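Beneath this line is the structure, given in structure tokens, with notes to follow.
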Number of protein chains: 4
Amino acid sequence: MSKTIVGVMGPGADATPQEQDAAFELGKLIAGRGWILLTGGRDAGVMDAASRGAKAAGGLTVGILPTADTGEMSSWIDIPIVTGMGQARNNVNVLSSEVVFACGLGPGTAAEIALAVKARKPVIMLCGPSEALNFFSSFGDSRVFTASGPEEAIEIGSRFVPDEVEKKV
Amino acid sequence: MSKTIVGVMGPGADATPQEQDAAFELGKLIAGRGWILLTGGRDAGVMDAASRGAKAAGGLTVGILPTADTGEMSSWIDIPIVTGMGQARNNVNVLSSEVVFACGLGPGTAAEIALAVKARKPVIMLCGPSEALNFFSSFGDSRVFTASGPEEAIEIGSRFVPDEVEKKV
Amino acid sequence: MSKTIVGVMGPGADATPQEQDAAFELGKLIAGRGWILLTGGRDAGVMDAASRGAKAAGGLTVGILPTADTGEMSSWIDIPIVTGMGQARNNVNVLSSEVVFACGLGPGTAAEIALAVKARKPVIMLCGPSEALNFFSSFGDSRVFTASGPEEAIEIGSRFVPDEVEKKV
Amino acid sequence: MSKTIVGVMGPGADATPQEQDAAFELGKLIAGRGWILLTGGRDAGVMDAASRGAKAAGGLTVGILPTADTGEMSSWIDIPIVTGMGQARNNVNVLSSEVVFACGLGPGTAAEIALAVKARKPVIMLCGPSEALNFFSSFGDSRVFTASGPEEAIEIGSRFVPDEVEKKV
């Protein structure tokens, strides 16, 4: 039976230290739950920090690379998926994740949040500006949330993970 | 030499009558300029209305279909590009357009605007909520504009079309 | 109503002079029929020669580029579709073509022929080695043909174009 | 550091019992080597059999699904990558695999072999017709091999896996 995969999306080179810290923590907590971490796979910003966090907690990491090789891959990726399709791979990130965590917000991350809303995936936002929440909430979709920090984000996300739901029954 | 291609993006089945009217008018004006219209190609909402407008003015229309066949295509598409790749085709829409006009705003359109910002394409928004403008402006990119109507939108867009720029010199 | 689009596929930099001559002729004949020519869009080999042929006969040309910009585009492309998805765009070439003409054979072209067979598109091969015909015929699909030259190729292809079929009724 | 990922490609519903047996055995041997198995992920033919084999030997399995959900996924997939991009995902299969094993041959598999040759990945063919070997060998690429059975296939493939190469030094 397939494992629970959740995505952590966020800025690459433009990520702030705060966003990277949150991403690292998110990665650790995801691994601690026994979930697999999926990111955009590059050696930068939130992708790299989340993957490093997951590995620090003994987790498994998947990176969906936009490039056609692994040249710019984070060194914390266990399973590189090499797409060679640039930003079109954002939709693969979203479709492959049961829950999408957005840690900070650049245009690529905004595209992923929008695609997640379109695909009816739950989205939990951290560190983003309040305009972003207002904006994405304007779609009238009840599955976009904000969290004050990584622990709350994971708590919200866990409500949408089937195994977790079962466990509580 | 390749022709000028501009994209009109917007909601499908959820498009309001006002958005469809604006899209129809945009399509007409685009064709009047001698530009080729590119849309998501489906038989719904803004895509369909813009294509109908362009054909009413004798223009040429390209539809980048998410499906693997032409079953749900707008009947106003001259050149269907059949991608079979779902929402991943949004990035093709954006990369193929010299200017992106967003007429209304659903999650698919939001994803396209975000991808356009990422790809450094000029974006002109009509009919969208003010939250959206505030949000996309927050990326600090000076190439996101709002227009009060189709004519102003085309006027702004034309500043980014090389031929038009040359003509004015 | 959408126009008839047919694809011409073949080697890029490795194309022989004979393959390029055949591609040029194919392009001319396709334009002469009033069909739109679709190629992989690059400034090399069969793609470039076929597009040049179609323009010499006053036709319209579409190029489905693997790159994320038009830097390596054939100068004979009217409508560039910029995919940024590398060889994954081969499936778009095939799905968008009513008939696939293969003019010579490299690995990229072989992939396109195979995808065309998979998508049940008619394929007409020119200039390819006889091993190739034997191979692709081994799938037991009756819609893979070889032609002795461009004119015969177009004659075979026209059997699968709805408008042409109607005209003959 | 990323793990070794190898791909097993082959027919789905049309796979013969012999091809499925070979795929099962390949999957077992791949897992036995400590490599991760990548397939097209569907609940049919070679994809399913190879994944079942890898799980029988305690391995880890990745499935690159053509669909936009996991409805038709093999029950032996640990990590589903949901692409929603149909046959365009074949290029992702190939780019993500260090070695491609082809177990039998339908048009989808032929496309993957051709894409692998294009991407300069080593390909090892089993169970395919001799026309196929002759055909793919005609590209003059020395990295296409045939194997008489799963064990020989793995032996050939291991020459291209960096870890294995290092171990022998």
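Labels used: A, B, ... for chains in the order of the structure tokens, numbers from 1 for residues in each chain, and numbers from 1 for ligands as shown.
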Show me which bits of chain C are within 8 Å of chain D, counting only C-alpha atoms, as a PDB file with C-alpha atoms, in the first residue's frame.
```pdb
ATOM      1  CA  GLN C  87      11.386  15.625 -25.220  1.00  0.00           C
ATOM      2  CA  ALA C  88       8.124  15.311 -23.296  1.00  0.00           C
ATOM      3  CA  ARG C  89       6.799  17.700 -25.956  1.00  0.00           C
ATOM      4  CA  ASN C  90       7.017  14.863 -28.495  1.00  0.00           C
ATOM      5  CA  ASN C  91       3.671  13.598 -27.265  1.00  0.00           C
ATOM      6  CA  VAL C  92       2.143  17.022 -27.907  1.00  0.00           C
ATOM      7  CA  GLY C 106      16.730   9.355 -35.208  1.00  0.00           C
ATOM      8  CA  PRO C 107      15.826   8.326 -31.674  1.00  0.00           C
ATOM      9  CA  GLY C 108      13.570  11.371 -31.199  1.00  0.00           C
ATOM     10  CA  ALA C 110      11.423   6.895 -33.365  1.00  0.00           C
ATOM     11  CA  ALA C 111       9.862   8.007 -30.083  1.00  0.00           C
ATOM     12  CA  GLU C 112       7.350  10.106 -31.982  1.00  0.00           C
ATOM     13  CA  ILE C 113       6.428   7.251 -34.316  1.00  0.00           C
ATOM     14  CA  ALA C 114       5.945   4.945 -31.334  1.00  0.00           C
ATOM     15  CA  LEU C 115       3.798   7.531 -29.539  1.00  0.00           C
ATOM     16  CA  VAL C 117       1.139   4.271 -32.957  1.00  0.00           C
ATOM     17  CA  LYS C 118       0.138   4.320 -29.283  1.00  0.00           C
ATOM     18  CA  GLU C 131      14.450  -2.234 -40.286  1.00  0.00           C
ATOM     19  CA  ALA C 132      12.311   0.627 -39.012  1.00  0.00           C
ATOM     20  CA  ASN C 134       9.624  -3.938 -40.131  1.00  0.00           C
ATOM     21  CA  PHE C 135       9.900  -2.913 -36.543  1.00  0.00           C
ATOM     22  CA  PHE C 139       2.951  -3.875 -33.609  1.00  0.00           C
TER      23      PHE C 139
END
```
Mind checking which residues fall within 12 Å of Ala153 (chain A), counting only C-alpha atoms, ignoring those fewer than 3 positions away in the same chain, and posting them as number ranges by chain?
A: 6, 8, 22-23, 25-27, 29-30, 99-103, 122-127, 144-150, 156-160
Store the residues picked out above in a file with C-alpha atoms, as a short mmCIF file (atom, residue, chain, number, x, y, z; two decimals), in the first residue's frame.
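Output file result.cif follows:
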```cif
data_model
loop_
_atom_site.label_atom_id
_atom_site.label_comp_id
_atom_site.auth_asym_id
_atom_site.auth_seq_id
_atom_site.Cartn_x
_atom_site.Cartn_y
_atom_site.Cartn_z
CA VAL A 6 3.08 15.43 1.58
CA VAL A 8 6.54 21.36 1.12
CA ALA A 22 10.28 26.76 9.35
CA ALA A 23 10.89 24.45 6.39
CA GLU A 25 11.23 22.09 11.21
CA LEU A 26 8.37 21.03 8.92
CA GLY A 27 10.63 18.44 7.29
CA LEU A 29 7.95 16.79 11.82
CA ILE A 30 6.85 15.20 8.54
CA VAL A 99 -1.37 17.83 1.60
CA VAL A 100 0.54 20.89 0.38
CA PHE A 101 2.47 23.01 2.89
CA ALA A 102 3.49 26.44 1.57
CA CYS A 103 6.37 27.95 3.47
CA PRO A 122 -5.65 20.87 1.21
CA VAL A 123 -3.14 23.71 1.50
CA ILE A 124 -1.56 24.94 4.72
CA MET A 125 0.29 28.24 4.51
CA LEU A 126 3.08 29.41 6.82
CA CYS A 127 5.19 32.55 6.78
CA VAL A 144 -6.85 26.67 2.48
CA PHE A 145 -5.49 27.26 5.97
CA THR A 146 -2.84 29.34 7.68
CA ALA A 147 -0.77 28.09 10.54
CA SER A 148 1.21 30.09 13.06
CA GLY A 149 4.12 27.65 12.91
CA PRO A 150 5.27 24.18 11.80
CA ILE A 156 -3.94 20.80 10.50
CA GLY A 157 -2.43 18.73 7.72
CA SER A 158 -2.86 15.49 9.64
CA ARG A 159 -6.63 15.88 9.50
CA PHE A 160 -6.43 15.19 5.76
#
```
Would you list the contacts of region 38-45 of chain C as a ChimeraX atom specification, taking every protein, DNA or RNA residue within 8 Å and counting only C-alpha atoms, but skipping same-chain residues closer than 6 positions in sequence?
/C:5-16,20,51,61-66,72-75,77,80,90,93,97
Backbone-only DSSP, alpha helix (DSSP H) members of chain D, as an NGL selection string
:D and (17-32 or 45-56 or 90-95 or 107-118 or 130-137 or 150-158 or 162-168)
Those same residues, written as a PDB file, in the first residue's frame with C-alpha atoms?
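New file result39.pdb:
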```pdb
ATOM      1  CA  PRO D  17       2.853 -14.379 -19.021  1.00  0.00           C
ATOM      2  CA  GLN D  18       6.531 -14.813 -19.937  1.00  0.00           C
ATOM      3  CA  GLU D  19       7.101 -11.052 -19.877  1.00  0.00           C
ATOM      4  CA  GLN D  20       5.366 -10.769 -16.541  1.00  0.00           C
ATOM      5  CA  ASP D  21       7.448 -13.596 -15.083  1.00  0.00           C
ATOM      6  CA  ALA D  22      10.630 -11.925 -16.272  1.00  0.00           C
ATOM      7  CA  ALA D  23       9.455  -8.582 -14.860  1.00  0.00           C
ATOM      8  CA  PHE D  24       8.692 -10.154 -11.488  1.00  0.00           C
ATOM      9  CA  GLU D  25      12.159 -11.685 -11.407  1.00  0.00           C
ATOM     10  CA  LEU D  26      13.783  -8.402 -12.473  1.00  0.00           C
ATOM     11  CA  GLY D  27      11.960  -6.577  -9.690  1.00  0.00           C
ATOM     12  CA  LYS D  28      13.221  -9.084  -7.131  1.00  0.00           C
ATOM     13  CA  LEU D  29      16.803  -8.822  -8.326  1.00  0.00           C
ATOM     14  CA  ILE D  30      16.657  -5.020  -8.396  1.00  0.00           C
ATOM     15  CA  ALA D  31      15.441  -4.916  -4.804  1.00  0.00           C
ATOM     16  CA  GLY D  32      18.089  -7.462  -3.872  1.00  0.00           C
ATOM     17  CA  GLY D  45       1.355  -6.135 -17.029  1.00  0.00           C
ATOM     18  CA  VAL D  46       5.059  -5.554 -16.611  1.00  0.00           C
ATOM     19  CA  MET D  47       4.654  -2.496 -14.354  1.00  0.00           C
ATOM     20  CA  ASP D  48       2.588  -4.429 -11.862  1.00  0.00           C
ATOM     21  CA  ALA D  49       4.665  -7.612 -12.014  1.00  0.00           C
ATOM     22  CA  ALA D  50       7.999  -5.844 -11.547  1.00  0.00           C
ATOM     23  CA  SER D  51       6.645  -3.884  -8.588  1.00  0.00           C
ATOM     24  CA  ARG D  52       5.261  -7.045  -7.025  1.00  0.00           C
ATOM     25  CA  GLY D  53       8.662  -8.678  -7.444  1.00  0.00           C
ATOM     26  CA  ALA D  54      10.486  -5.776  -5.826  1.00  0.00           C
ATOM     27  CA  LYS D  55       8.119  -5.832  -2.846  1.00  0.00           C
ATOM     28  CA  ALA D  56       8.548  -9.605  -2.522  1.00  0.00           C
ATOM     29  CA  ASN D  90       7.393   8.472 -20.471  1.00  0.00           C
ATOM     30  CA  ASN D  91      10.221  10.988 -20.693  1.00  0.00           C
ATOM     31  CA  VAL D  92      10.131  11.405 -16.906  1.00  0.00           C
ATOM     32  CA  ASN D  93      10.442   7.630 -16.519  1.00  0.00           C
ATOM     33  CA  VAL D  94      13.549   7.631 -18.638  1.00  0.00           C
ATOM     34  CA  LEU D  95      15.256  10.730 -17.236  1.00  0.00           C
ATOM     35  CA  PRO D 107       4.476   1.066 -28.661  1.00  0.00           C
ATOM     36  CA  GLY D 108       4.713   2.793 -25.254  1.00  0.00           C
ATOM     37  CA  THR D 109       7.810   0.762 -24.396  1.00  0.00           C
ATOM     38  CA  ALA D 110       9.311   1.472 -27.816  1.00  0.00           C
ATOM     39  CA  ALA D 111       8.828   5.190 -27.162  1.00  0.00           C
ATOM     40  CA  GLU D 112      10.605   4.824 -23.826  1.00  0.00           C
ATOM     41  CA  ILE D 113      13.536   2.944 -25.355  1.00  0.00           C
ATOM     42  CA  ALA D 114      13.874   5.610 -28.042  1.00  0.00           C
ATOM     43  CA  LEU D 115      13.744   8.395 -25.459  1.00  0.00           C
ATOM     44  CA  ALA D 116      16.342   6.543 -23.390  1.00  0.00           C
ATOM     45  CA  VAL D 117      18.661   6.315 -26.396  1.00  0.00           C
ATOM     46  CA  LYS D 118      18.078  10.032 -27.001  1.00  0.00           C
ATOM     47  CA  SER D 130      14.934  -9.481 -32.667  1.00  0.00           C
ATOM     48  CA  GLU D 131      13.625  -6.809 -35.079  1.00  0.00           C
ATOM     49  CA  ALA D 132      13.573  -4.474 -32.107  1.00  0.00           C
ATOM     50  CA  LEU D 133      17.189  -5.025 -31.229  1.00  0.00           C
ATOM     51  CA  ASN D 134      18.238  -4.616 -34.832  1.00  0.00           C
ATOM     52  CA  PHE D 135      16.200  -1.463 -35.038  1.00  0.00           C
ATOM     53  CA  PHE D 136      17.422   0.244 -31.888  1.00  0.00           C
ATOM     54  CA  SER D 137      20.977  -0.873 -32.556  1.00  0.00           C
ATOM     55  CA  PRO D 150      16.734 -11.277 -15.786  1.00  0.00           C
ATOM     56  CA  GLU D 151      20.040 -12.270 -14.183  1.00  0.00           C
ATOM     57  CA  GLU D 152      22.081 -11.359 -17.216  1.00  0.00           C
ATOM     58  CA  ALA D 153      20.098  -8.137 -17.570  1.00  0.00           C
ATOM     59  CA  ILE D 154      20.966  -7.105 -14.024  1.00  0.00           C
ATOM     60  CA  GLU D 155      24.586  -8.052 -14.555  1.00  0.00           C
ATOM     61  CA  ILE D 156      24.782  -5.789 -17.633  1.00  0.00           C
ATOM     62  CA  GLY D 157      22.867  -2.993 -15.940  1.00  0.00           C
ATOM     63  CA  SER D 158      25.122  -3.040 -12.892  1.00  0.00           C
ATOM     64  CA  PRO D 162      28.127   4.242 -10.079  1.00  0.00           C
ATOM     65  CA  ASP D 163      28.025   2.540  -6.676  1.00  0.00           C
ATOM     66  CA  GLU D 164      28.553  -0.835  -8.246  1.00  0.00           C
ATOM     67  CA  VAL D 165      31.402   0.486 -10.300  1.00  0.00           C
ATOM     68  CA  GLU D 166      33.044   1.916  -7.193  1.00  0.00           C
ATOM     69  CA  LYS D 167      32.589  -1.282  -5.240  1.00  0.00           C
ATOM     70  CA  LYS D 168      34.608  -3.180  -7.805  1.00  0.00           C
TER      71      LYS D 168
END
```
From the list C:Ala57, C:Ile36, C:Ile79, C:Val161, which residue is nearest Ser2 (chain B) when using only C-alpha atoms?
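Checking each candidate against Ser2 (chain B), we get C:Ile79 as the closest.
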Using Å and a single decimal, report how far CA of Leu37 (chain D) sits from CA of Ile81 (chain D).
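Taking CA of Ile81 (chain D) and CA of Leu37 (chain D), their separation equals 13.0 Å.
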Please, which residues of chain B, numbered as in this document, come out strand (DSSP E) from DSSP, as a PyMOL selection string?
chain B and resi 5-9+36-39+61-65+79-82+100-103+123-126+144-146
Rounded to one decimal place, report the CA of Thr4 (chain D)-CA of Leu60 (chain D) distance in Å.
11.0 Å
